[in-house]
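Trainee: Take a look at this one; I'll ask things after.
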Amino acid sequence: MARPKEQWGTRMGVILAVAGSAVGLGNFLRFPGEAARNGGGVFMIPYFIALLLVAIPICWAEWAMGRFGGRKGYNSAPAIFGVLGGRSGYRYIGVLGVLIPLMIYMYYVLIEAWCLGYAWSYLTGTIDLGQDPAEYAQKSITFFNRFVGNAADGALFEGGAHPLVYFALITFTVNFFLIFRGVSKGIEAFCIRAMPIMAVCAVIVLIRVLTLGTPDASKPDQNVLNGLGFMWNPQSGEGEPWYAALLNPQTWLAATGQIFFSLSVGFGIIINYSSYMKRNDDVVLSGLTAASTNEFFEVCLGGLITIPAAFVFLGVAGVATGVAGGTFGLGFNTLPVVFEYMPLGRVFGFLWFFMLFLAAITSSLSMLQPAIAFLEEGLGIGRRASVTLLGLITLFGSSFILWFSAGSTALSTIDFWVGTALIFVLAMFEVILFSWVFGVERGYNEAMRGAELKIPRIWKFVIKYISPTYLLIIFIAWCWQNLPGQVQLLRDETVPRLSMLLIVAVAVFLTILINIASKRWGRQGLEDDESTPLEAAP
């Protein structure tokens with residue numbers, strides 16, 4: 001197969017693109033909520049353990065796998081898995097590397113539209129929580145439920161399309177316009193501009209939060225320092241030691257899940273992005289830089305803005321209510337109340353939600369590219385045809401979620417089975433394929449090709465034994481805790497069953513395409529290329 005024509009224009013471009021795929025709503029909304037729910041500062045212990053033992057080792061493996069596949073002329077997970085395993089059967093496991101980002105995009109683009117809609121509401125002043133502070137919280141919840149159609153299925157289409165439908169069409173169009181322009185002119189060009197703007201918006205909001213002091217003199221305990229303490233100091237139940245949260249399996253499950261969601265590990269995205277690198281481009285330092293950029297946005301920005309801001313104005317009870325509201329409870333229900341109290345709140349509300357929109361769009365772009373690459377190289381079709389086909393598939397899926405909007409049940413079901421469960425499954429397959437099939441020694445040498453930073457040799461032991469063991473234990477515990485309730489929902493409710501049917505239908509469709517692609521690829525690329533031997537690692 002011919003060498004891929006598309007490549008990243010600059011090293012900084014690929015780093016910002018990969019960081020942009022990771023930096024998203026999980027950094028600013030999910031991370032603070034998970035930390036506050038699971039012991040505050042104690043949460044950071046399993047969080048960093050998962051980062052060091054699982055996330056970064058797998059990230060390096062994904063970067064190395066992607067670049068190796070790209071050297072063979074492939075950019076999609078199915079083809080690259082076949083190359084790594086040396087057998088065509090591994091291509092079917094690679095379907096997960098297309099299915100996961102594709103299904104996540106279908107609902108993520110709608111949350112992206114929520115962010116754009118809220119930013120527009122603050123810019124135009126159409127969000128109104130009234131004049132009575134006692135009613136702020138309820139009016140914020142009412143505004144959100146009406147905006148996203150939580151009241152009933154089909155609510156967003158009653159009496160004509162509601163505003164969210166138009167914002168969804170705008171975000172959908174922007175995504176496909178950029179993805180049509182390609183890797184360098186579309187994704188890279190956008191991320192190079194969007195990431196600095198996002199950082200500036202976040203820093204402005206952060207400075208405002210850190211300079212709030214004690215807004216209400218009658219509540220001296222609700223100040224910025226105590227807000228930071230609520231987020232970062234170890235928390236425990238009454239009469240319990242500070243480390244009690246570490247004895248709770250849920251803390252470890254939440255920390256590992258957050259790291260996976262945050263760094264896009266197990267999505268199939270990094271494998272696709274790194275396949276557009278040149279054969280000797282450094283993947284070690286680039287991978288570590290992208291991961292560090294994501295951690296800066298998550299820990300240093302997301303962790304210092306959301307919870308402290310809510311604490312200063314709403315106190316412990318307000319934060320607890322927002323955290324209990326789920327992943328988006330803080331962002332879309334609680335923070336609008338905070339902005340209502342805050343001087344120049346409409347300005348900072350606009351900056352906050354516009355920053356979230358940019359973070360979301362850099363992530364959603366990365367979810368489309370793996371499927372585009374698969375359609376192009378698997379079916380032998382051009383960019384225009386692949387973008388059109390993918391647009392029709394995702395438009396149907398997103399419309400399904402828009403229609404079944406009651407309680408966000410369809411969104412939550414797909415997020416559980418694809419955005420959480422399948423990510424663990426794909427990550428475990430990647431570790432086994434890289435370490436045990438491709439070979440950990442060979443994989444280490446591949447990662448070290450052109451590397452400016454040496455990976456410690458203990459990484460080989462970690463990626464081969466510790467990472468899969470850790471993943472397996474966490475996944476079994478997660479299934480034990482969460483699967484029974486979700487299976488019961490599938491038995492009792494129609495919308496979860498329909499959502500599962502959508503997932504299965506897309507999976508079957510992609511599997512059929514794998515059959516077509518395999519006939520096209522044959523055994524090409526499955527044998528070792530002796531003309532490009534791996535250099536020995538230093």
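Please note that chains go A, B, ... in the order of the structure tokens, that every chain numbers its residues from 1, and that ligands are numbered from 1 in the order shown.
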Which residues come within 10 Å of Pro343 (chain A), counting only C-alpha atoms, excluding same-chain residues fewer than 6 positions away, as a PyMOL selection string?
Mentor: chain A and resi 208+212+215
Trainee: Can you write out as a Markdown table which residues of region 271-338 of chain A fall within 10 Å of region 360-382 of chain A, alongside each residue's closest atom pair and its distance in Å to one decimal, counting only C-alpha atoms and ordering rows by chain and ascending residue number?
Mentor:
```
| residue | atom | partner | partner_atom | distance |
| --- | --- | --- | --- | --- |
| A:Ile271 | CA | A:Pro370 | CA | 8.6 |
| A:Asn272 | CA | A:Pro370 | CA | 5.7 |
| A:Tyr273 | CA | A:Pro370 | CA | 8.1 |
```
Trainee: Output as a tab-separated table one row per residue of region 397-493 of chain A within 9 Å of region 89-103 of chain A: the closest atom pair and its distance in Å to one decimal place, counting only C-alpha atoms, sorted by chain and residue number ascending.
Mentor:
```
residue	atom	partner	partner_atom	distance
A:Gly397	CA	A:Met103	CA	7.9
A:Ile414	CA	A:Met103	CA	7.4
A:Asp415	CA	A:Met103	CA	8.5
A:Val418	CA	A:Ile100	CA	5.9
A:Gly419	CA	A:Ile100	CA	6.9
A:Leu422	CA	A:Ile100	CA	7.1
A:Ile423	CA	A:Ile100	CA	7.3
A:Val425	CA	A:Leu96	CA	8.8
A:Leu426	CA	A:Leu96	CA	6.5
A:Phe429	CA	A:Ile93	CA	7.9
A:Leu433	CA	A:Tyr90	CA	8.8
```
Trainee: Which value, in Å to one decimal, gives the distance between CA of Leu228 (chain A) and CA of Val312 (chain A)?
Mentor: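 One can read the CA of Leu228 (chain A) to CA of Val312 (chain A) distance as 9.5 Å.
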Trainee: Compile the contact shell of region 113-118 of chain A as number ranges by chain: residues with an atom at most 7 Å away, counting only C-alpha atoms, same-chain residues fewer than 5 positions apart removed.
Mentor: A: 164, 167-168, 171, 353-354, 356-357
Trainee: Keeping only C-alpha atoms, take the residues you just selected and write them out as a compact mmCIF listing (two decimals), in the first residue's frame.
Mentor:
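Contents of result_12.txt, as written:
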```
# COMPACT_ATOMS: atom_id res chain seq x y z
CA LEU A 164 -30.53 23.24 20.73
CA PHE A 167 -26.79 24.74 17.77
CA ALA A 168 -26.34 21.02 17.11
CA THR A 171 -21.46 22.26 15.68
CA PHE A 353 -18.76 28.03 28.15
CA PHE A 354 -16.90 29.24 25.06
CA LEU A 356 -15.74 24.41 27.06
CA PHE A 357 -16.97 24.58 23.46
```
Trainee: Pick out the closest residue to Leu263 (chain A) from this set: A:Gly287, A:Pro496, A:Pro249, A:Gly73. Count only C-alpha atoms.
Mentor: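 Among the listed residues, A:Gly287 lies closest to Leu263 (chain A).
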Trainee: Let me make sure I understand: among A:Asn333, A:Gln7, A:Thr394, A:Ser286, which one has the smallest atom-to-atom distance to Leu29 (chain A) if we use only C-alpha atoms?
Mentor: A:Asn333
Trainee: So which one's closest to Phe43 (chain A), A:Ile179, A:Leu392, A:Leu510, A:Ala245? Using only C-alpha atoms, please.
Mentor: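 Checking each of A:Ile179, A:Leu392, A:Leu510, A:Ala245 against Phe43 (chain A), counting only C-alpha atoms, the winner is A:Ala245.
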Trainee: Please determine, counting only C-alpha atoms, which residue among A:Arg384, A:Leu358, A:Gly450, A:Thr251 has the shortest atom-to-atom distance to Ala194 (chain A).
Mentor: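 Nearest candidate to Ala194 (chain A) out of A:Arg384, A:Leu358, A:Gly450, A:Thr251: A:Leu358.
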Trainee: Skip Tyr470 (chain A) itself and residues of its chain fewer than 4 positions away, then list as number ranges by chain all residues within 12 Å of it, counting only C-alpha atoms.
Mentor: A: 46, 49-55, 252-253, 256, 424, 427-428, 431, 462-466, 474-477
Trainee: With C-alpha atoms kept, could you save the residues just selected as a tab-separated table (two decimals), in the first residue's frame?
Mentor:
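Output (part.tsv):
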```tsv
chain	number	residue	atom	x	y	z
A	46	PRO	CA	-5.02	6.36	42.97
A	49	ILE	CA	-0.94	5.61	40.39
A	50	ALA	CA	-3.25	4.90	37.44
A	51	LEU	CA	-1.49	7.61	35.44
A	52	LEU	CA	1.96	6.08	36.01
A	53	LEU	CA	1.12	2.37	35.85
A	54	VAL	CA	-1.53	2.33	33.14
A	55	ALA	CA	-2.17	5.56	31.26
A	252	TRP	CA	-9.89	3.41	42.54
A	253	LEU	CA	-12.54	2.72	39.92
A	256	THR	CA	-8.80	4.90	36.72
A	424	PHE	CA	-11.46	-0.79	29.15
A	427	ALA	CA	-7.17	-0.92	26.27
A	428	MET	CA	-6.70	-4.50	27.46
A	431	VAL	CA	-1.74	-4.09	25.90
A	462	VAL	CA	5.06	-2.58	33.53
A	463	ILE	CA	3.36	-2.74	30.12
A	464	LYS	CA	3.63	-6.55	29.92
A	465	TYR	CA	2.58	-7.54	33.43
A	466	ILE	CA	1.46	-4.68	35.68
A	474	ILE	CA	-10.25	-2.71	37.92
A	475	PHE	CA	-12.50	-3.89	35.08
A	476	ILE	CA	-13.80	-6.91	37.03
A	477	ALA	CA	-14.54	-4.69	40.04
```
Trainee: Please determine, counting only C-alpha atoms, which residue among A:Ala151, A:Leu110, A:Val83, A:Leu246 has the shortest atom-to-atom distance to Tyr47 (chain A).
Mentor: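 Comparing A:Ala151, A:Leu110, A:Val83, A:Leu246 against Tyr47 (chain A), the winner is A:Leu246.
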Trainee: Can you pull out every residue within 9 Å of Asn280 (chain A), counting only C-alpha atoms, but drop anything in the same chain fewer than 6 positions away, and send it as a PyMOL selection string?
Mentor: chain A and resi 67+449-451
